[in-house]
$ cat data-v6.cif   # mmCIF, C-alpha atoms
data_coords
#
loop_
_atom_site.label_atom_id
_atom_site.label_comp_id
_atom_site.auth_asym_id
_atom_site.auth_seq_id
_atom_site.Cartn_x
_atom_site.Cartn_y
_atom_site.Cartn_z
CA MET A 24 -1.77 4.43 -19.01
CA ASN A 25 -3.11 4.63 -15.54
CA THR A 26 -1.92 2.61 -12.60
CA GLU A 27 -4.88 1.34 -10.67
CA ILE A 28 -4.50 0.71 -6.95
CA VAL A 29 -7.24 -0.73 -4.83
CA LYS A 30 -7.10 -1.40 -1.12
CA ASP A 31 -9.35 -4.05 0.27
CA ALA A 32 -11.60 -3.04 3.15
CA ASN A 33 -9.77 -5.09 5.74
CA ASN A 34 -6.40 -3.45 5.10
CA LYS A 35 -4.90 -6.78 4.31
CA GLN A 36 -4.47 -6.52 0.57
CA LEU A 37 -3.53 -4.01 -2.05
CA HIS A 38 -4.17 -4.61 -5.73
CA VAL A 39 -2.10 -2.89 -8.37
CA THR A 40 -3.03 -3.19 -12.02
CA ARG A 41 -1.27 -1.72 -15.02
CA GLU A 42 -1.21 -2.30 -18.72
CA PHE A 43 1.90 -2.08 -20.88
CA ALA A 44 2.19 -1.67 -24.63
CA ALA A 45 4.62 -4.56 -25.01
CA PRO A 46 4.30 -8.33 -25.35
CA VAL A 47 4.22 -10.52 -22.25
CA GLU A 48 7.67 -11.98 -22.89
CA LYS A 49 9.28 -8.56 -22.73
CA VAL A 50 7.42 -7.43 -19.63
CA TRP A 51 8.28 -10.72 -17.93
CA LYS A 52 11.94 -10.24 -18.86
CA ALA A 53 11.96 -6.69 -17.49
CA TRP A 54 10.61 -7.98 -14.19
CA THR A 55 12.83 -11.02 -13.81
CA GLU A 56 16.28 -10.05 -15.08
CA PRO A 57 18.49 -7.99 -12.76
CA ASP A 58 20.10 -5.80 -15.45
CA LEU A 59 16.66 -4.72 -16.55
CA LEU A 60 15.13 -4.41 -13.08
CA ASP A 61 17.98 -2.13 -12.08
CA LYS A 62 16.86 0.27 -14.78
CA TRP A 63 13.27 0.86 -13.69
CA TRP A 64 12.52 -0.43 -10.22
CA ALA A 65 13.53 2.71 -8.33
CA PRO A 66 11.91 5.99 -9.34
CA ARG A 67 14.47 8.63 -10.32
CA PRO A 68 16.53 10.14 -8.78
CA TRP A 69 16.88 6.88 -6.87
CA ARG A 70 18.39 3.84 -8.50
CA THR A 71 18.48 0.11 -7.89
CA GLU A 72 21.66 -1.95 -7.56
CA THR A 73 21.30 -5.70 -7.62
CA LYS A 74 23.86 -7.48 -5.49
CA THR A 75 22.71 -11.01 -6.34
CA MET A 76 19.69 -12.51 -8.01
CA ASP A 77 18.51 -16.04 -8.36
CA PHE A 78 15.11 -16.05 -10.04
CA SER A 79 14.01 -19.55 -9.11
CA GLU A 80 11.72 -21.12 -6.55
CA GLY A 81 13.50 -20.64 -3.24
CA GLY A 82 15.90 -18.15 -4.82
CA VAL A 83 16.52 -14.59 -3.63
CA TRP A 84 16.92 -11.16 -5.17
CA LEU A 85 19.19 -9.11 -2.93
CA TYR A 86 19.42 -5.45 -3.90
CA SER A 87 19.77 -1.97 -2.56
CA MET A 88 18.02 1.26 -3.43
CA VAL A 89 20.43 4.16 -3.61
CA GLY A 90 19.33 7.75 -3.18
CA PRO A 91 20.64 10.94 -4.72
CA GLU A 92 22.76 11.62 -1.66
CA GLY A 93 24.13 8.10 -1.53
CA GLU A 94 21.63 6.84 1.07
CA ARG A 95 21.22 3.09 0.72
CA HIS A 96 18.40 0.77 1.74
CA TRP A 97 18.82 -2.95 1.35
CA CYS A 98 15.95 -5.24 0.39
CA ARG A 99 15.42 -8.86 -0.40
CA ALA A 100 12.73 -10.70 -2.29
CA ASP A 101 12.39 -14.44 -1.70
CA TYR A 102 10.79 -16.19 -4.64
CA LYS A 103 8.25 -18.82 -3.67
CA THR A 104 6.43 -20.14 -6.73
CA ILE A 105 7.13 -19.44 -10.38
CA THR A 106 5.20 -20.29 -13.52
CA GLN A 107 7.65 -19.22 -16.19
CA GLY A 108 6.42 -16.43 -18.35
CA SER A 109 3.17 -15.78 -16.54
CA GLU A 110 3.12 -15.72 -12.79
CA TYR A 111 5.18 -15.70 -9.60
CA THR A 112 4.90 -15.17 -5.86
CA ALA A 113 7.47 -13.75 -3.47
CA VAL A 114 7.93 -12.37 0.02
CA ASP A 115 9.93 -9.21 0.60
CA ALA A 116 11.81 -7.76 3.54
CA PHE A 117 14.14 -4.93 4.45
CA CYS A 118 17.55 -6.30 5.31
CA ASP A 119 21.24 -5.53 5.62
CA GLU A 120 23.85 -5.86 2.87
CA ASN A 121 24.12 -9.56 3.58
CA GLY A 122 20.42 -10.14 3.26
CA ASN A 123 19.74 -10.53 6.98
CA PRO A 124 16.17 -9.31 7.54
CA SER A 125 16.11 -6.17 9.67
CA GLY A 126 12.73 -6.93 11.19
CA MET A 127 12.00 -3.22 11.04
CA ALA A 128 8.89 -3.53 8.98
CA PRO A 129 6.51 -6.41 8.35
CA SER A 130 7.04 -8.46 5.21
CA MET A 131 4.62 -8.33 2.37
CA SER A 132 3.63 -11.22 0.16
CA TRP A 133 3.50 -10.55 -3.55
CA HIS A 134 1.58 -12.33 -6.25
CA LEU A 135 2.20 -11.18 -9.81
CA ARG A 136 0.30 -12.27 -12.87
CA PHE A 137 1.24 -11.30 -16.42
CA ASN A 138 -1.56 -11.54 -18.96
CA SER A 139 -1.53 -11.04 -22.70
CA THR A 140 -4.04 -8.49 -23.95
CA ALA A 141 -4.99 -7.14 -27.36
CA THR A 142 -2.70 -4.16 -26.84
CA GLY A 143 0.12 -5.81 -24.94
CA THR A 144 0.29 -7.00 -21.37
CA ARG A 145 -1.69 -6.49 -18.20
CA VAL A 146 0.12 -6.99 -14.92
CA ASP A 147 -1.93 -7.72 -11.82
CA ILE A 148 -0.16 -7.47 -8.51
CA THR A 149 -1.68 -8.49 -5.22
CA ILE A 150 0.21 -7.45 -2.11
CA THR A 151 -0.92 -9.25 1.02
CA PHE A 152 -0.25 -8.35 4.62
CA GLU A 153 -0.40 -11.04 7.26
CA LYS A 154 -2.38 -8.96 9.71
CA GLU A 155 -4.32 -5.70 9.49
CA GLU A 156 -1.79 -4.14 11.84
CA ASP A 157 0.98 -4.77 9.31
CA LEU A 158 -0.30 -2.17 6.89
CA GLU A 159 -0.65 0.19 9.83
CA ALA A 160 2.97 -0.41 10.81
CA ILE A 161 4.17 0.16 7.28
CA VAL A 162 2.26 3.39 7.00
CA LYS A 163 3.71 4.48 10.32
CA MET A 164 7.20 3.84 9.08
CA GLY A 165 6.26 6.12 6.28
CA PHE A 166 6.91 3.13 4.09
CA LYS A 167 10.47 4.46 4.25
CA GLU A 168 11.84 2.80 1.19
CA GLY A 169 9.08 3.98 -1.05
CA PHE A 170 8.26 7.34 0.26
CA THR A 171 11.65 8.79 0.50
CA MET A 172 11.65 8.03 -3.19
CA ALA A 173 8.18 9.00 -4.27
CA HIS A 174 8.97 12.38 -5.67
CA GLY A 175 6.63 14.64 -7.50
CA ASN A 176 3.52 16.18 -6.17
CA LEU A 177 3.75 15.01 -2.60
CA ASP A 178 4.52 18.50 -1.32
CA GLU A 179 1.49 19.84 -3.12
CA LEU A 180 -0.66 17.16 -1.60
CA LEU A 181 0.63 17.91 1.87
CA ALA A 182 -0.03 21.59 1.40
CA GLN A 183 -3.66 20.78 0.79
CA LEU A 184 -4.18 19.07 4.13
CA MET B 25 -6.15 5.81 25.16
CA ARG B 26 -4.82 7.07 21.85
CA ARG B 27 -5.37 4.76 18.96
CA ASP B 28 -4.71 4.70 15.27
CA VAL B 29 -6.87 5.59 12.40
CA PHE B 30 -6.40 2.10 11.02
CA GLN B 31 -7.95 0.52 14.05
CA ALA B 32 -10.92 2.71 13.31
CA ILE B 33 -11.50 1.20 9.93
CA ALA B 34 -10.31 -2.32 10.64
CA ASP B 35 -13.78 -3.42 11.70
CA PRO B 36 -16.79 -3.64 9.35
CA THR B 37 -19.28 -2.28 11.88
CA ARG B 38 -17.05 0.69 12.52
CA ARG B 39 -16.77 1.30 8.79
CA ALA B 40 -20.56 1.24 8.60
CA ILE B 41 -20.81 3.71 11.48
CA LEU B 42 -18.37 6.05 9.74
CA ALA B 43 -20.33 5.80 6.51
CA LEU B 44 -23.49 6.85 8.33
CA LEU B 45 -21.85 9.68 10.23
CA ALA B 46 -20.18 10.94 7.08
CA LEU B 47 -23.66 11.62 5.76
CA GLN B 48 -24.91 13.32 8.90
CA ALA B 49 -24.12 13.73 12.58
CA MET B 50 -26.21 11.51 14.85
CA THR B 51 -27.07 10.96 18.47
CA PRO B 52 -26.04 7.61 20.00
CA ASN B 53 -29.63 6.36 19.84
CA ALA B 54 -30.15 7.30 16.23
CA LEU B 55 -26.92 5.57 15.33
CA ALA B 56 -27.64 2.37 17.28
CA ALA B 57 -31.02 2.07 15.58
CA HIS B 58 -29.21 1.24 12.35
CA PHE B 59 -27.57 -1.85 13.76
CA GLU B 60 -28.83 -5.16 14.99
CA SER B 61 -26.16 -5.34 17.67
CA SER B 62 -26.93 -4.12 21.15
CA ARG B 63 -26.68 -0.48 22.07
CA GLN B 64 -23.71 -1.49 24.21
CA ALA B 65 -21.86 -3.08 21.33
CA VAL B 66 -22.38 -0.01 19.19
CA SER B 67 -21.16 2.17 22.08
CA LYS B 68 -17.95 0.16 22.24
CA HIS B 69 -17.32 0.81 18.58
CA ILE B 70 -18.04 4.50 18.99
CA LYS B 71 -15.57 4.57 21.84
CA VAL B 72 -12.83 3.16 19.60
CA LEU B 73 -13.74 5.61 16.84
CA THR B 74 -13.57 8.51 19.27
CA GLU B 75 -10.25 7.36 20.62
CA CYS B 76 -8.99 7.21 17.04
CA GLU B 77 -10.32 10.70 16.56
CA VAL B 78 -12.18 9.85 13.38
CA VAL B 79 -15.37 10.64 15.27
CA VAL B 80 -15.82 13.64 17.56
CA GLN B 81 -18.56 14.37 20.06
CA LYS B 82 -20.35 17.66 20.18
CA GLN B 83 -23.04 18.79 22.54
CA SER B 84 -26.09 20.32 20.92
CA GLY B 85 -28.59 21.43 23.51
CA ARG B 86 -29.13 18.41 25.76
CA GLU B 87 -28.05 15.89 23.18
CA ILE B 88 -24.64 14.61 22.22
CA TYR B 89 -24.06 14.25 18.51
CA TYR B 90 -21.32 12.21 16.90
CA HIS B 91 -19.60 13.82 13.94
CA PHE B 92 -17.32 12.29 11.35
CA ASN B 93 -13.87 13.87 11.35
CA PRO B 94 -12.64 13.86 7.75
CA LYS B 95 -9.21 15.31 8.54
CA LYS B 96 -8.16 12.15 10.33
CA MET B 97 -9.16 9.86 7.49
CA LYS B 98 -6.73 11.64 5.25
CA GLU B 99 -3.82 9.83 6.87
CA ILE B 100 -4.70 6.69 4.96
CA ASP B 101 -5.51 8.54 1.77
CA LEU B 102 -2.20 10.31 1.95
CA TRP B 103 -0.35 7.07 2.34
CA LEU B 104 -2.23 5.48 -0.55
CA GLU B 105 -1.55 8.47 -2.72
CA ARG B 106 2.19 8.22 -2.05
CA PHE B 107 2.07 4.52 -2.70
CA ARG B 108 0.30 5.14 -6.00
CA LYS B 109 2.84 7.78 -6.99
CA LEU B 110 5.69 5.39 -6.35
CA TRP B 111 4.16 2.75 -8.59
CA GLU B 112 3.21 5.22 -11.30
CA ASP B 113 6.77 6.49 -11.46
CA ARG B 114 8.17 3.00 -11.61
CA PHE B 115 5.80 1.96 -14.34
CA ASP B 116 6.50 5.06 -16.41
CA GLN B 117 10.15 4.09 -16.30
CA LEU B 118 9.25 0.56 -17.29
CA ASP B 119 7.24 1.91 -20.25
CA ASP B 120 10.38 3.66 -21.48
CA LEU B 121 12.57 0.61 -20.99
CA LEU B 122 10.13 -1.65 -22.82
CA LYS B 123 10.36 0.54 -25.91
CA ASP B 124 14.02 -0.37 -26.21
CA LEU B 125 13.70 -4.09 -25.54
#
$ encode --input "data-v6.cif" --output "structure tokens"
Amino acid sequence: MNTEIVKDANNKQLHVTREFAAPVEKVWKAWTEPDLLDKWWAPRPWRTETKTMDFSEGGVWLYSMVGPEGERHWCRADYKTITQGSEYTAVDAFCDENGNPSGMAPSMSWHLRFNSTATGTRVDITITFEKEEDLEAIVKMGFKEGFTMAHGNLDELLAQL
Amino acid sequence: MRRDVFQAIADPTRRAILALLALQAMTPNALAAHFESSRQAVSKHIKVLTECEVVVQKQSGREIYYHFNPKKMKEIDLWLERFRKLWEDRFDQLDDLLKDL
């Protein structure tokens, strides 16, 4: 199944859409329970280690992403609103092991919706940046967390430029 | 002043200018004719686009032509591609996990 990503023209929002061949309850579980999140959130060879998680309005998920050479990046997600089983919003940030925001990159706001479909579940994610310059700053940082991890055909792509 | 490719596309008029130039190179007059804003306003946008290097100027005879520079735009595309790859990989892993749940 294809992951669809659309950027809005003003560089303030990204939309990610993906369908899963599993019922909503399971997809919701996989996204909101730390034992499960730790299994898929980071693309191999990276892995996720949850330090603490409180999936509730005002609660925080504090975790680190660990690389193949032991490199570790800490992140936090602050949950804002939750409609159990179908929707939630959160704000993320890079931080230290105690959850203190590093201020190194702008935060992003996340809005996730989980919808039942004939074949399973569709997840719609909207990532919002406060200002147009925020996306620019994240790109400049090389979106460190993500791109040190995004393995695969990146080298091929670069070779084409 | 060096600027970023994102500043180039952050404005709707600039995006429209790029869309036109991507189809064909134009002189400043030809370009301005497409917009209701003043020639001056359009010039300001072109200045930003040139500073961002998504548009380059080339002399042809006595005229200056503005050309779209596709290489520069790739910075954003590259980032988006990496972003997409990250999410694809994550979701593939989630597919596998869901089978066992």
$ closest_atom_pairs --input "data-v6.cif" --of "chain A" --to "chain B" --cutoff "6 Å" --atoms "only C-alpha atoms" --output "Markdown table"
| residue | atom | partner | partner_atom | distance |
| --- | --- | --- | --- | --- |
| A:Thr26 | CA | B:Glu112 | CA | 5.9 |
| A:Asn33 | CA | B:Ala34 | CA | 5.7 |
| A:Trp63 | CA | B:Gln117 | CA | 5.2 |
| A:Trp64 | CA | B:Arg114 | CA | 5.7 |
| A:Pro66 | CA | B:Arg114 | CA | 5.3 |
| A:Ala173 | CA | B:Leu110 | CA | 4.9 |
$ atom_distance --input "data-v6.cif" --atom1 "CA of Ala113 (chain A)" --atom2 "CA of Glu72 (chain A)"
18.9 Å
$ atom_distance --input "data-v6.cif" --atom1 "CA of Thr106 (chain A)" --atom2 "CA of Ser79 (chain A)"
9.9 Å
$ axis_aligned_box --input "data-v6.cif" --around "region 33-39 of chain B" --padding-each-side "6 Å" --output "lines of an AutoDock Vina configuration file"
center_x = -14.8
center_y = -1.2
center_z = 10.7
size_x = 21.0
size_y = 16.9
size_z = 15.7
$ atom_distance --input "data-v6.cif" --atom1 "CA of Val83 (chain A)" --atom2 "CA of Ala53 (chain A)"
16.6 Å
$ resolve_selection --input "data-v6.cif" --expression "the PyMOL selection byres ((chain A and resi 84-94) around 8)" --output "ChimeraX atom specification"
/A:65,68-78,82-83,95-102,120,122,168,172
$ resolve_selection --input "data-v6.cif" --expression "the PyMOL selection byres ((chain A and resi 132-139) around 6)" --output "short mmCIF file (atom, residue, chain, number, x, y, z; two decimals) with C-alpha atoms, in the coordinates of the input"
data_model
loop_
_atom_site.label_atom_id
_atom_site.label_comp_id
_atom_site.auth_asym_id
_atom_site.auth_seq_id
_atom_site.Cartn_x
_atom_site.Cartn_y
_atom_site.Cartn_z
CA VAL A 47 4.22 -10.52 -22.25
CA SER A 109 3.17 -15.78 -16.54
CA GLU A 110 3.12 -15.72 -12.79
CA TYR A 111 5.18 -15.70 -9.60
CA THR A 112 4.90 -15.17 -5.86
CA ALA A 113 7.47 -13.75 -3.47
CA VAL A 114 7.93 -12.37 0.02
CA MET A 131 4.62 -8.33 2.37
CA THR A 140 -4.04 -8.49 -23.95
CA GLY A 143 0.12 -5.81 -24.94
CA THR A 144 0.29 -7.00 -21.37
CA ARG A 145 -1.69 -6.49 -18.20
CA VAL A 146 0.12 -6.99 -14.92
CA ASP A 147 -1.93 -7.72 -11.82
CA ILE A 148 -0.16 -7.47 -8.51
CA THR A 149 -1.68 -8.49 -5.22
CA ILE A 150 0.21 -7.45 -2.11
CA THR A 151 -0.92 -9.25 1.02
#
$ resolve_selection --input "data-v6.cif" --expression "the PyMOL selection byres ((chain B and resi 44) around 12)" --output "number ranges by chain"
B: 37-43, 45-52, 54-59, 79, 90-92
$ closest_residue --input "data-v6.cif" --among "B:Asn53, B:Lys96, B:Arg63, B:Asp124" --to "Cys76 (chain B)" --atoms "only C-alpha atoms"
B:Lys96
